[in-house]
Amino acid sequence: MALLQIAEPGMSTEPHRHRLAAGIDLGTTNSLVATVRNGLAVCLADEKGRTMLPSVVHYRADGSIEVGQAALAAQATDPRNAIVSVKRFMGRGLKDVTHVESSPYDFVDAPGMVRLRTVQGIKSPVEVSAEILKVLRTRAEASLGGELSGVVITVPAYFDDAQRQATKDAATLAGLNVLRLLNEPTAAAVAYGLDNASEGIYAVYDLGGGTFDLSILKLSRGVFEVLSTNGDAALGGDDFDHRLFCWILDQAHIEPPSSEDARRLQMKAREVKELLTASEEAPVRVRLGSGEEVNLTVTRQQFEDMTQHLVRKTLAPMRKALRDAGLAPEEVKGVVMVGGATRMPQIQRSVAEFFDQEPLTNLDPDKVVALGAAIQANVLAGNRKDEDDWLLLDVIPLSLGLETMGGLTEKVIPRNSTLPIARAQEFTTVKDGQTAMAVHVVQGERELVSDCRSLARFELRGIPPMVAGAARIRVTFQVDADGLLSVAAREMSSGVEASVLVKPSYGLTDEEIAGMLREGVDHAGDDMLARALREQQVEADRLVEATEHALAQDGDLLDAAERAAVDQAIAALRAAREGSDHRKVKQHIDALARATDEFAARRMDRSVRSALAGHKVDEIEL
Amino acid sequence: MSIDLQQDFFTLFGLPRRFELDERALEAAFHDLQTEVHPDRYAHLPEADKRRSMQWATRVNEGFRTLRKPLARAMYLLELAGVDAGLETNTAMSPEFLMEQMEWREAVEEARAAGEVDELEHLHQRLRQHGREMLAGLQQALDQQGDLEAAAETVRRLMFVEKLQHEIDDALEALES
Ligand SMILES: Nc1ncnc2c1ncn2[C@@H]1O[C@H](COP(=O)(O)OP(=O)(O)OP(=O)(O)O)[C@@H](O)[C@H]1O
Ligand SMILES: [Mg+2]
């Protein structure tokens, strides 16, 4: 809120106070955390100098939790409790999970998101991911020497609403303030584009451990504009491993392997796959639990033959993204390669062939996403400097629709719309005196509701009773800059706000999150309470400071009575801040925010006007 | 005194209210406005600012989308002039036009059934050309003659053409996967 907003939005209100911010690449296989230090984005390492944290969480029988390198070994010895590639389960039901049969986990088929039964109880993928985030948060705070004011977390561009929400929930559980969910290919484009001062149309091809994204961006005068995105949220290096794993089972005539053997062979498959990137052939030597030994050799040619269909699966998304952007392959100036799996020669070849040019590999494909996220986090936290005058415009990857009669979908927001976006839709009642109505929101491109992903069911309540067809209920779907949907409803003829009851199909309810948080608080006791208070105090100080700056700058926008109300809210917050109840501080923060709502609107108007004024001057000069 | 979120898009983007459009000026204004109001500029600020910023950025995106596409722009101009081009029913279309549409539709259906990708691409291209000619007429009607009736008629025809193009896109997509 603020002073400098008018002249330079996003600039720090106090230039000398640097806010600690980090970018997090929460990957299927590896996770990283990066930050901007002295104007340069760097990945942060653990005490042994390793930047990549394997995305593995081991729940141990003694109640402790190991994450990363330390948990890797447990994969083969305690596969049921050592969770790998948990990102594949985020916002997903059991029926969506591929390769269930060769997974060692004890899945719990609850309605909604799949859960895993571990020695420490039933865990949601959100909780498992939160463990990874906590380690990265600790690493960043130790390295930066203070609490993080906010983070940017990357997600695959093709993640749907449920997967994004699950990621954000994991961050909440890990005690992180999420400034933005940023699409992985877009993060890579920022790191690449700013590094090379690129202009023109670029494609980002991101094949990681579990996901595939293809984004087409237009880079011009500091604007990164995503034109279209496509992909497959369940295609990655893991699938190449799985093919090789099946091949080994077949060749070595292994009947259904034990969980331990399966994990051993899967780990071997990955190792061999990676070896084949540089070598023409590789040995497969594994000792099974029975003492029996597998001894095979696989050539690169064999591997390429058995994974051909996977490479081909990346072609359709490339074509679709180009078509949605209205471009031909030759109009793409450069193809940025991201993700460890793009090292495979057959991938490099297929991309080169499709775009008829050698892909760009001059950035580290493992780190580029985290670096881009760090650059974005630094700016979003309020540390924007003059040279950071760039803008990101991203899109929604999949259309949003509503269920209509006969199980058909009606599109409300088309895919590849620039975010944020809102659409309103009007409904009416079908019965006399009807006071409630159900709405089903889905995401996807298919015509049948059953072929799309169910996001949520909403119940509109509190519709004033009228004759059938008389009520006009206007439902507004708003997708924010994180790609997350929210819904509001209003009955138009009476102006009554209908309440919206959200039942996420795959996500956790607010109560569940609160419950998990409470559990954490109970464990940590006073520590957590102290931390919560400190966080609210920092937030309160920031808000008071920003408000006062804004008043100094734009106080003329308020009349005396309005001004008095704001001053009063500031005083009340100041008083609450000195107390010890974090909830009370929060209450007064919200109250001050409400009291300045209209003020914020007027300042925004003023800044828009100044943008337009600047623009007209430009035009006259032309 | 304050700028109204509801002000028309041409005013919002500082462009003359007409069909002919300077695309570069539109894009430049779009970027300038988003630079000012985009939620990324407000991420570290209180909720009230974030919410405002989202509303503004949403409005700016909506405006850009509406003005950029010729058909949407024409419909919007008609709407500003109090004409709802979509309201009239098909019966208002000339029989010749409807005949022609049937023929197009049959051609698309045949190509789809036979899985002829090249033929579909070809039809797509011809439709695009057809659409371009209609757009030229639309500009005449809107900017020069101020003939809103004629413009509305052309807009309705263009809506048919666009729908058909989407169907071809869908058919192509289905054939590819
Ligand atoms: N030299 C190599 N040759 C082949 N594959 C490799 C090589 N190095 C890494 N990989 C593969 O890359 C994948 C991991 O890539 P990366 O770390 O980019 O994924 P991630 O970011 O964790 O996943 P995602 O982005 O899908 O969530 C693994 O499948 C790994 O086996
Ligand atoms: Mg990745």
# chains A, B, ... in the order shown; residues from 1 in each chain; ligands from 1
call {"tool": "residues_near_ligand", "arguments": {"ligand": "ligand 1", "cutoff": "6 Å", "atoms": "only C-alpha atoms and all ligand atoms", "output": "VMD selection string"}}
result
chain A and resid 27 to 30 208 to 211 236 to 238 270 273 to 274 277 339 to 341 343 to 344 366
call {"tool": "write_last_selection", "arguments": {"atoms": "C-alpha atoms", "output": "compact mmCIF listing (two decimals), in the first residue's frame"}}
result
# COMPACT_ATOMS: atom_id res chain seq x y z
CA GLY A 27 10.37 -31.09 -7.98
CA THR A 28 9.20 -34.66 -8.41
CA THR A 29 12.75 -35.95 -8.08
CA ASN A 30 14.79 -33.04 -6.76
CA GLY A 208 11.52 -33.37 -15.35
CA GLY A 209 11.13 -36.46 -13.23
CA GLY A 210 7.36 -36.58 -13.31
CA THR A 211 5.96 -33.79 -15.45
CA GLY A 236 8.59 -37.53 -17.00
CA GLY A 237 11.88 -39.32 -16.39
CA ASP A 238 10.05 -41.65 -13.97
CA ARG A 270 17.15 -44.80 -13.26
CA LYS A 273 18.96 -44.65 -17.94
CA GLU A 274 21.24 -41.82 -16.87
CA THR A 277 22.90 -40.58 -21.90
CA GLY A 339 14.67 -30.59 -16.51
CA GLY A 340 17.09 -33.44 -16.04
CA ALA A 341 15.30 -35.72 -18.49
CA ARG A 343 19.62 -34.64 -21.23
CA MET A 344 18.56 -37.83 -22.99
CA ASP A 366 18.60 -28.60 -13.00
call {"tool": "residues_around", "arguments": {"residues": "range 412-421 of chain A", "least_positions_apart": "6", "cutoff": "10 Å", "atoms": "only C-alpha atoms", "output": "ChimeraX atom specification"}}
result
/A:225-230,321,324-325,393-402,441-445,476-485 /B:38-39,53-62,64-65
call {"tool": "residues_around", "arguments": {"residues": "Gly121 in chain A", "least_positions_apart": "2", "cutoff": "12 Å", "atoms": "only C-alpha atoms", "output": "ChimeraX atom specification"}}
result
/A:59-61,63,80-81,106-108,115-119,123-124,127-128
call {"tool": "write_last_selection", "arguments": {"atoms": "N, CA and C atoms", "output": "CSV table (one decimal), in the first residue's frame"}}
result
chain,number,residue,atom,x,y,z
A,59,TYR,N,9.5,-41.7,6.8
A,59,TYR,CA,8.9,-41.7,8.1
A,59,TYR,C,9.4,-42.9,8.9
A,60,ARG,N,10.2,-42.6,9.9
A,60,ARG,CA,10.8,-43.7,10.6
A,60,ARG,C,10.0,-44.2,11.8
A,61,ALA,N,10.2,-45.5,12.1
A,61,ALA,CA,9.4,-46.1,13.2
A,61,ALA,C,9.6,-45.4,14.5
A,63,GLY,N,9.6,-42.3,15.0
A,63,GLY,CA,8.8,-41.1,15.1
A,63,GLY,C,9.6,-39.9,14.4
A,80,ARG,N,7.9,-48.8,2.1
A,80,ARG,CA,6.5,-48.4,2.4
A,80,ARG,C,6.5,-47.0,3.1
A,81,ASN,N,7.6,-46.8,3.8
A,81,ASN,CA,7.6,-45.5,4.6
A,81,ASN,C,8.6,-44.4,4.0
A,106,ASP,N,1.3,-48.2,0.8
A,106,ASP,CA,0.0,-48.7,1.3
A,106,ASP,C,-1.0,-47.5,1.1
A,107,PHE,N,-1.6,-47.5,-0.1
A,107,PHE,CA,-2.5,-46.4,-0.4
A,107,PHE,C,-3.8,-46.5,0.3
A,108,VAL,N,-4.3,-45.4,0.7
A,108,VAL,CA,-5.6,-45.3,1.4
A,108,VAL,C,-6.6,-44.7,0.4
A,115,ARG,N,-4.2,-41.0,0.0
A,115,ARG,CA,-3.4,-40.9,1.2
A,115,ARG,C,-2.5,-42.1,1.3
A,116,LEU,N,-1.5,-42.0,2.1
A,116,LEU,CA,-0.5,-43.1,2.3
A,116,LEU,C,-0.5,-43.5,3.7
A,117,ARG,N,-0.6,-44.8,4.0
A,117,ARG,CA,-0.5,-45.2,5.3
A,117,ARG,C,1.0,-45.5,5.6
A,118,THR,N,1.5,-44.8,6.6
A,118,THR,CA,2.9,-45.0,7.0
A,118,THR,C,3.0,-45.4,8.4
A,119,VAL,N,4.2,-45.7,8.9
A,119,VAL,CA,4.4,-46.2,10.3
A,119,VAL,C,4.0,-45.0,11.2
A,123,LYS,N,-0.8,-40.3,5.9
A,123,LYS,CA,-0.3,-39.0,5.5
A,123,LYS,C,-0.9,-38.6,4.1
A,124,SER,N,-1.2,-37.3,4.0
A,124,SER,CA,-1.7,-36.8,2.7
A,124,SER,C,-0.4,-36.3,2.0
A,127,GLU,N,1.0,-33.2,3.2
A,127,GLU,CA,1.9,-33.2,4.4
A,127,GLU,C,3.3,-33.7,4.0
A,128,VAL,N,3.4,-34.7,3.1
A,128,VAL,CA,4.7,-35.2,2.7
A,128,VAL,C,5.5,-34.0,2.1
call {"tool": "interface_residues", "arguments": {"of": "chain B", "to": "chain A", "cutoff": "8 Å", "atoms": "only C-alpha atoms", "output": "PDB file with N, CA, C and O atoms, in the first residue's frame"}}
result
ATOM      1  N   SER B   2     -12.936   9.438  -9.518  1.00  0.00           N
ATOM      2  CA  SER B   2     -11.985   8.350  -9.742  1.00  0.00           C
ATOM      3  C   SER B   2     -12.290   7.653 -11.063  1.00  0.00           C
ATOM      4  O   SER B   2     -13.415   7.684 -11.539  1.00  0.00           O
ATOM      5  N   ILE B   3     -11.259   7.030 -11.612  1.00  0.00           N
ATOM      6  CA  ILE B   3     -11.475   6.298 -12.847  1.00  0.00           C
ATOM      7  C   ILE B   3     -12.361   5.107 -12.541  1.00  0.00           C
ATOM      8  O   ILE B   3     -12.148   4.403 -11.567  1.00  0.00           O
ATOM      9  N   ASP B   4     -13.344   4.927 -13.368  1.00  0.00           N
ATOM     10  CA  ASP B   4     -14.335   3.916 -13.130  1.00  0.00           C
ATOM     11  C   ASP B   4     -13.857   2.593 -13.714  1.00  0.00           C
ATOM     12  O   ASP B   4     -13.430   2.525 -14.853  1.00  0.00           O
ATOM     13  N   LEU B  12     -10.025   3.113 -21.631  1.00  0.00           N
ATOM     14  CA  LEU B  12      -9.039   2.507 -20.729  1.00  0.00           C
ATOM     15  C   LEU B  12      -7.673   2.386 -21.399  1.00  0.00           C
ATOM     16  O   LEU B  12      -6.642   2.634 -20.780  1.00  0.00           O
ATOM     17  N   PHE B  13      -7.676   2.022 -22.665  1.00  0.00           N
ATOM     18  CA  PHE B  13      -6.405   1.828 -23.375  1.00  0.00           C
ATOM     19  C   PHE B  13      -5.964   3.088 -24.123  1.00  0.00           C
ATOM     20  O   PHE B  13      -4.953   3.058 -24.828  1.00  0.00           O
ATOM     21  N   GLY B  14      -6.726   4.168 -23.977  1.00  0.00           N
ATOM     22  CA  GLY B  14      -6.342   5.420 -24.634  1.00  0.00           C
ATOM     23  C   GLY B  14      -6.346   5.317 -26.150  1.00  0.00           C
ATOM     24  O   GLY B  14      -5.467   5.857 -26.833  1.00  0.00           O
ATOM     25  N   ALA B  25      -0.054  -0.042 -30.798  1.00  0.00           N
ATOM     26  CA  ALA B  25      -0.447   0.897 -29.738  1.00  0.00           C
ATOM     27  C   ALA B  25      -1.250   0.167 -28.670  1.00  0.00           C
ATOM     28  O   ALA B  25      -1.085   0.408 -27.469  1.00  0.00           O
ATOM     29  N   ALA B  29      -0.061  -0.147 -24.799  1.00  0.00           N
ATOM     30  CA  ALA B  29      -0.930   0.333 -23.715  1.00  0.00           C
ATOM     31  C   ALA B  29      -1.217  -0.802 -22.740  1.00  0.00           C
ATOM     32  O   ALA B  29      -1.244  -0.603 -21.520  1.00  0.00           O
ATOM     33  N   HIS B  31       0.686  -3.381 -22.043  1.00  0.00           N
ATOM     34  CA  HIS B  31       1.864  -3.616 -21.203  1.00  0.00           C
ATOM     35  C   HIS B  31       2.036  -2.503 -20.175  1.00  0.00           C
ATOM     36  O   HIS B  31       2.338  -2.768 -19.004  1.00  0.00           O
ATOM     37  N   ASP B  32       1.810  -1.259 -20.596  1.00  0.00           N
ATOM     38  CA  ASP B  32       1.946  -0.142 -19.651  1.00  0.00           C
ATOM     39  C   ASP B  32       0.944  -0.265 -18.504  1.00  0.00           C
ATOM     40  O   ASP B  32       1.290  -0.074 -17.342  1.00  0.00           O
ATOM     41  N   LEU B  33      -0.278  -0.610 -18.863  1.00  0.00           N
ATOM     42  CA  LEU B  33      -1.303  -0.724 -17.827  1.00  0.00           C
ATOM     43  C   LEU B  33      -1.002  -1.882 -16.883  1.00  0.00           C
ATOM     44  O   LEU B  33      -1.081  -1.743 -15.671  1.00  0.00           O
ATOM     45  N   GLN B  34      -0.618  -3.023 -17.446  1.00  0.00           N
ATOM     46  CA  GLN B  34      -0.326  -4.167 -16.577  1.00  0.00           C
ATOM     47  C   GLN B  34       0.888  -3.881 -15.700  1.00  0.00           C
ATOM     48  O   GLN B  34       0.950  -4.332 -14.562  1.00  0.00           O
ATOM     49  N   THR B  35       1.848  -3.155 -16.240  1.00  0.00           N
ATOM     50  CA  THR B  35       3.018  -2.812 -15.434  1.00  0.00           C
ATOM     51  C   THR B  35       2.568  -2.061 -14.181  1.00  0.00           C
ATOM     52  O   THR B  35       3.132  -2.205 -13.108  1.00  0.00           O
ATOM     53  N   GLU B  36       1.503  -1.295 -14.333  1.00  0.00           N
ATOM     54  CA  GLU B  36       1.005  -0.496 -13.222  1.00  0.00           C
ATOM     55  C   GLU B  36       0.143  -1.308 -12.255  1.00  0.00           C
ATOM     56  O   GLU B  36       0.244  -1.141 -11.048  1.00  0.00           O
ATOM     57  N   VAL B  37      -0.706  -2.186 -12.785  1.00  0.00           N
ATOM     58  CA  VAL B  37      -1.734  -2.787 -11.923  1.00  0.00           C
ATOM     59  C   VAL B  37      -1.546  -4.281 -11.633  1.00  0.00           C
ATOM     60  O   VAL B  37      -2.264  -4.837 -10.802  1.00  0.00           O
ATOM     61  N   PRO B  39      -0.909  -7.948 -10.278  1.00  0.00           N
ATOM     62  CA  PRO B  39      -0.747  -8.432  -8.899  1.00  0.00           C
ATOM     63  C   PRO B  39       0.713  -8.647  -8.487  1.00  0.00           C
ATOM     64  O   PRO B  39       1.021  -8.575  -7.289  1.00  0.00           O
ATOM     65  N   ASP B  40       1.599  -8.897  -9.416  1.00  0.00           N
ATOM     66  CA  ASP B  40       3.003  -9.068  -9.052  1.00  0.00           C
ATOM     67  C   ASP B  40       3.579  -7.803  -8.424  1.00  0.00           C
ATOM     68  O   ASP B  40       4.572  -7.851  -7.714  1.00  0.00           O
ATOM     69  N   ARG B  41       2.978  -6.652  -8.744  1.00  0.00           N
ATOM     70  CA  ARG B  41       3.459  -5.390  -8.179  1.00  0.00           C
ATOM     71  C   ARG B  41       2.966  -5.188  -6.760  1.00  0.00           C
ATOM     72  O   ARG B  41       3.376  -4.265  -6.079  1.00  0.00           O
ATOM     73  N   TYR B  42       2.010  -5.988  -6.347  1.00  0.00           N
ATOM     74  CA  TYR B  42       1.358  -5.752  -5.065  1.00  0.00           C
ATOM     75  C   TYR B  42       1.489  -6.935  -4.104  1.00  0.00           C
ATOM     76  O   TYR B  42       0.870  -6.949  -3.055  1.00  0.00           O
ATOM     77  N   ALA B  43       2.309  -7.911  -4.500  1.00  0.00           N
ATOM     78  CA  ALA B  43       2.370  -9.167  -3.739  1.00  0.00           C
ATOM     79  C   ALA B  43       2.833  -8.957  -2.305  1.00  0.00           C
ATOM     80  O   ALA B  43       2.483  -9.736  -1.425  1.00  0.00           O
ATOM     81  N   HIS B  44       3.618  -7.905  -2.038  1.00  0.00           N
ATOM     82  CA  HIS B  44       4.134  -7.698  -0.683  1.00  0.00           C
ATOM     83  C   HIS B  44       3.252  -6.734   0.109  1.00  0.00           C
ATOM     84  O   HIS B  44       3.587  -6.365   1.218  1.00  0.00           O
ATOM     85  N   LEU B  45       2.153  -6.336  -0.485  1.00  0.00           N
ATOM     86  CA  LEU B  45       1.309  -5.322   0.148  1.00  0.00           C
ATOM     87  C   LEU B  45       0.063  -5.956   0.763  1.00  0.00           C
ATOM     88  O   LEU B  45      -0.228  -7.123   0.523  1.00  0.00           O
ATOM     89  N   PRO B  46      -0.661  -5.184   1.564  1.00  0.00           N
ATOM     90  CA  PRO B  46      -1.829  -5.743   2.262  1.00  0.00           C
ATOM     91  C   PRO B  46      -2.922  -6.250   1.321  1.00  0.00           C
ATOM     92  O   PRO B  46      -2.969  -5.883   0.149  1.00  0.00           O
ATOM     93  N   GLU B  47      -3.785  -7.059   1.905  1.00  0.00           N
ATOM     94  CA  GLU B  47      -4.858  -7.709   1.139  1.00  0.00           C
ATOM     95  C   GLU B  47      -5.677  -6.745   0.288  1.00  0.00           C
ATOM     96  O   GLU B  47      -6.023  -7.055  -0.845  1.00  0.00           O
ATOM     97  N   ALA B  48      -6.005  -5.591   0.859  1.00  0.00           N
ATOM     98  CA  ALA B  48      -6.867  -4.653   0.126  1.00  0.00           C
ATOM     99  C   ALA B  48      -6.207  -4.265  -1.193  1.00  0.00           C
ATOM    100  O   ALA B  48      -6.855  -4.215  -2.241  1.00  0.00           O
ATOM    101  N   ASP B  49      -4.908  -4.017  -1.144  1.00  0.00           N
ATOM    102  CA  ASP B  49      -4.195  -3.635  -2.369  1.00  0.00           C
ATOM    103  C   ASP B  49      -4.149  -4.798  -3.349  1.00  0.00           C
ATOM    104  O   ASP B  49      -4.304  -4.623  -4.554  1.00  0.00           O
ATOM    105  N   ARG B  52      -7.568  -5.171  -5.039  1.00  0.00           N
ATOM    106  CA  ARG B  52      -7.757  -4.113  -6.033  1.00  0.00           C
ATOM    107  C   ARG B  52      -6.956  -4.406  -7.291  1.00  0.00           C
ATOM    108  O   ARG B  52      -7.419  -4.271  -8.408  1.00  0.00           O
ATOM    109  N   SER B  53      -5.730  -4.759  -7.063  1.00  0.00           N
ATOM    110  CA  SER B  53      -4.831  -5.013  -8.182  1.00  0.00           C
ATOM    111  C   SER B  53      -5.369  -6.156  -9.032  1.00  0.00           C
ATOM    112  O   SER B  53      -5.349  -6.102 -10.268  1.00  0.00           O
ATOM    113  N   MET B  54      -5.900  -7.174  -8.374  1.00  0.00           N
ATOM    114  CA  MET B  54      -6.440  -8.295  -9.148  1.00  0.00           C
ATOM    115  C   MET B  54      -7.645  -7.848  -9.971  1.00  0.00           C
ATOM    116  O   MET B  54      -7.784  -8.215 -11.134  1.00  0.00           O
ATOM    117  N   ALA B  57      -6.267  -5.717 -12.884  1.00  0.00           N
ATOM    118  CA  ALA B  57      -5.543  -6.516 -13.868  1.00  0.00           C
ATOM    119  C   ALA B  57      -6.508  -7.392 -14.661  1.00  0.00           C
ATOM    120  O   ALA B  57      -6.341  -7.612 -15.861  1.00  0.00           O
ATOM    121  N   THR B  58      -7.534  -7.879 -13.978  1.00  0.00           N
ATOM    122  CA  THR B  58      -8.563  -8.681 -14.640  1.00  0.00           C
ATOM    123  C   THR B  58      -9.261  -7.844 -15.710  1.00  0.00           C
ATOM    124  O   THR B  58      -9.470  -8.285 -16.842  1.00  0.00           O
ATOM    125  N   ARG B  59      -9.588  -6.616 -15.329  1.00  0.00           N
ATOM    126  CA  ARG B  59     -10.270  -5.705 -16.260  1.00  0.00           C
ATOM    127  C   ARG B  59      -9.372  -5.382 -17.466  1.00  0.00           C
ATOM    128  O   ARG B  59      -9.822  -5.366 -18.608  1.00  0.00           O
ATOM    129  N   ASN B  61      -6.937  -7.210 -18.675  1.00  0.00           N
ATOM    130  CA  ASN B  61      -6.843  -8.408 -19.517  1.00  0.00           C
ATOM    131  C   ASN B  61      -8.096  -8.592 -20.368  1.00  0.00           C
ATOM    132  O   ASN B  61      -8.026  -8.933 -21.549  1.00  0.00           O
ATOM    133  N   GLU B  62      -9.233  -8.361 -19.724  1.00  0.00           N
ATOM    134  CA  GLU B  62     -10.500  -8.482 -20.430  1.00  0.00           C
ATOM    135  C   GLU B  62     -10.547  -7.497 -21.601  1.00  0.00           C
ATOM    136  O   GLU B  62     -10.940  -7.839 -22.716  1.00  0.00           O
ATOM    137  N   GLU B 173      -7.345 -31.793 -33.798  1.00  0.00           N
ATOM    138  CA  GLU B 173      -6.781 -32.216 -32.524  1.00  0.00           C
ATOM    139  C   GLU B 173      -7.121 -33.675 -32.250  1.00  0.00           C
ATOM    140  O   GLU B 173      -6.284 -34.458 -31.825  1.00  0.00           O
ATOM    141  N   GLU B 176      -5.098 -35.984 -34.324  1.00  0.00           N
ATOM    142  CA  GLU B 176      -3.690 -36.066 -33.949  1.00  0.00           C
ATOM    143  C   GLU B 176      -3.449 -36.945 -32.739  1.00  0.00           C
ATOM    144  O   GLU B 176      -2.392 -37.542 -32.598  1.00  0.00           O
ATOM    145  N   SER B 177      -4.440 -36.989 -31.835  1.00  0.00           N
ATOM    146  CA  SER B 177      -4.152 -37.743 -30.612  1.00  0.00           C
ATOM    147  C   SER B 177      -4.835 -39.085 -30.591  1.00  0.00           C
ATOM    148  O   SER B 177      -5.304 -39.618 -31.547  1.00  0.00           O
TER     149      SER B 177
END
call {"tool": "residues_around", "arguments": {"residues": "His440 in chain A", "least_positions_apart": "4", "cutoff": "9 Å", "atoms": "only C-alpha atoms", "output": "PyMOL selection string"}}
result
chain A and resi 401-404+454-459
call {"tool": "write_last_selection", "arguments": {"atoms": "all heavy atoms", "output": "CSV table (one decimal), in the first residue's frame"}}
result
chain,number,residue,atom,x,y,z
A,401,GLY,N,-14.8,-25.1,-16.7
A,401,GLY,CA,-16.2,-25.2,-17.2
A,401,GLY,C,-17.2,-25.6,-16.1
A,401,GLY,O,-16.8,-25.9,-14.9
A,402,LEU,N,-18.4,-25.6,-16.4
A,402,LEU,CA,-19.5,-26.0,-15.5
A,402,LEU,C,-20.2,-27.2,-16.1
A,402,LEU,O,-20.3,-27.3,-17.3
A,402,LEU,CB,-20.5,-24.8,-15.4
A,402,LEU,CG,-19.9,-23.6,-14.8
A,402,LEU,CD1,-21.0,-22.5,-14.8
A,402,LEU,CD2,-19.4,-23.8,-13.4
A,403,GLU,N,-20.7,-28.0,-15.2
A,403,GLU,CA,-21.6,-29.1,-15.6
A,403,GLU,C,-23.0,-28.6,-16.0
A,403,GLU,O,-23.6,-27.8,-15.2
A,403,GLU,CB,-21.7,-30.2,-14.5
A,403,GLU,CG,-22.7,-31.3,-14.9
A,403,GLU,CD,-22.5,-32.5,-14.0
A,403,GLU,OE1,-21.7,-32.5,-13.1
A,403,GLU,OE2,-23.4,-33.4,-14.2
A,404,THR,N,-23.4,-29.0,-17.1
A,404,THR,CA,-24.8,-28.6,-17.5
A,404,THR,C,-25.6,-29.8,-17.7
A,404,THR,O,-25.1,-30.9,-17.4
A,404,THR,CB,-24.8,-27.8,-18.9
A,404,THR,OG1,-24.3,-28.6,-19.9
A,404,THR,CG2,-23.9,-26.5,-18.8
A,454,SER,N,-12.9,-33.0,-12.0
A,454,SER,CA,-13.8,-32.4,-11.1
A,454,SER,C,-13.0,-31.5,-10.2
A,454,SER,O,-12.1,-32.0,-9.5
A,454,SER,CB,-14.6,-33.4,-10.4
A,454,SER,OG,-15.3,-32.8,-9.3
A,455,LEU,N,-13.3,-30.2,-10.1
A,455,LEU,CA,-12.5,-29.3,-9.2
A,455,LEU,C,-13.3,-29.2,-7.9
A,455,LEU,O,-12.7,-29.3,-6.8
A,455,LEU,CB,-12.3,-28.0,-9.8
A,455,LEU,CG,-11.3,-27.8,-10.9
A,455,LEU,CD1,-11.1,-26.4,-11.2
A,455,LEU,CD2,-10.0,-28.5,-10.5
A,456,ALA,N,-14.5,-28.8,-8.0
A,456,ALA,CA,-15.3,-28.6,-6.8
A,456,ALA,C,-16.8,-28.6,-7.1
A,456,ALA,O,-17.2,-28.3,-8.2
A,456,ALA,CB,-14.9,-27.2,-6.2
A,457,ARG,N,-17.5,-28.8,-6.0
A,457,ARG,CA,-19.0,-28.7,-6.1
A,457,ARG,C,-19.3,-27.5,-5.2
A,457,ARG,O,-18.8,-27.5,-4.0
A,457,ARG,CB,-19.7,-30.0,-5.7
A,457,ARG,CG,-19.5,-31.0,-6.7
A,457,ARG,CD,-20.0,-32.4,-6.2
A,457,ARG,NE,-19.6,-33.4,-7.1
A,457,ARG,CZ,-20.2,-33.7,-8.3
A,457,ARG,NH1,-21.3,-33.1,-8.6
A,457,ARG,NH2,-19.7,-34.7,-9.0
A,458,PHE,N,-20.1,-26.6,-5.7
A,458,PHE,CA,-20.5,-25.5,-4.8
A,458,PHE,C,-22.0,-25.6,-4.6
A,458,PHE,O,-22.8,-26.0,-5.4
A,458,PHE,CB,-20.3,-24.2,-5.6
A,458,PHE,CG,-18.9,-24.0,-6.0
A,458,PHE,CD1,-18.5,-24.0,-7.3
A,458,PHE,CD2,-17.9,-23.8,-5.0
A,458,PHE,CE1,-17.2,-23.8,-7.6
A,458,PHE,CE2,-16.6,-23.6,-5.4
A,458,PHE,CZ,-16.2,-23.6,-6.7
A,459,GLU,N,-22.3,-25.2,-3.4
A,459,GLU,CA,-23.7,-25.1,-3.0
A,459,GLU,C,-24.0,-23.6,-2.8
A,459,GLU,O,-23.4,-23.0,-2.0
A,459,GLU,CB,-24.0,-25.9,-1.7
A,459,GLU,CG,-25.3,-25.8,-1.2
A,459,GLU,CD,-26.1,-27.1,-1.3
A,459,GLU,OE1,-25.6,-28.0,-2.0
A,459,GLU,OE2,-27.1,-27.2,-0.7
call {"tool": "residues_around", "arguments": {"residues": "Asp147 in chain B", "least_positions_apart": "5", "cutoff": "12 Å", "atoms": "only C-alpha atoms", "output": "ChimeraX atom specification"}}
result
/B:78,81,83,137-142,152-154
call {"tool": "residues_around", "arguments": {"residues": "range 249-265 of chain A", "least_positions_apart": "2", "cutoff": "7 Å", "atoms": "only C-alpha atoms", "output": "PyMOL selection string"}}
result
chain A and resi 75-77+79+102+104+245-247+267-269+288-289+294
call {"tool": "residues_around", "arguments": {"residues": "Met75 in chain B", "least_positions_apart": "4", "cutoff": "8 Å", "atoms": "only C-alpha atoms", "output": "list in words"}}
result
Leu71, Glu79, Asp84, Ala85, Ala152 and Val155 of chain B
call {"tool": "write_last_selection", "arguments": {"atoms": "C-alpha atoms", "output": "mmCIF file, in the first residue's frame"}}
result
data_model
loop_
_atom_site.group_PDB
_atom_site.id
_atom_site.type_symbol
_atom_site.label_atom_id
_atom_site.label_comp_id
_atom_site.auth_asym_id
_atom_site.auth_seq_id
_atom_site.Cartn_x
_atom_site.Cartn_y
_atom_site.Cartn_z
ATOM 1 C CA LEU B 71 -14.784 -10.125 -34.098
ATOM 2 C CA GLU B 79 -22.681 -3.313 -27.761
ATOM 3 C CA ASP B 84 -26.709 -6.821 -29.365
ATOM 4 C CA ALA B 85 -25.476 -8.664 -32.436
ATOM 5 C CA ALA B 152 -24.448 -6.698 -36.994
ATOM 6 C CA VAL B 155 -20.783 -10.084 -37.182
#
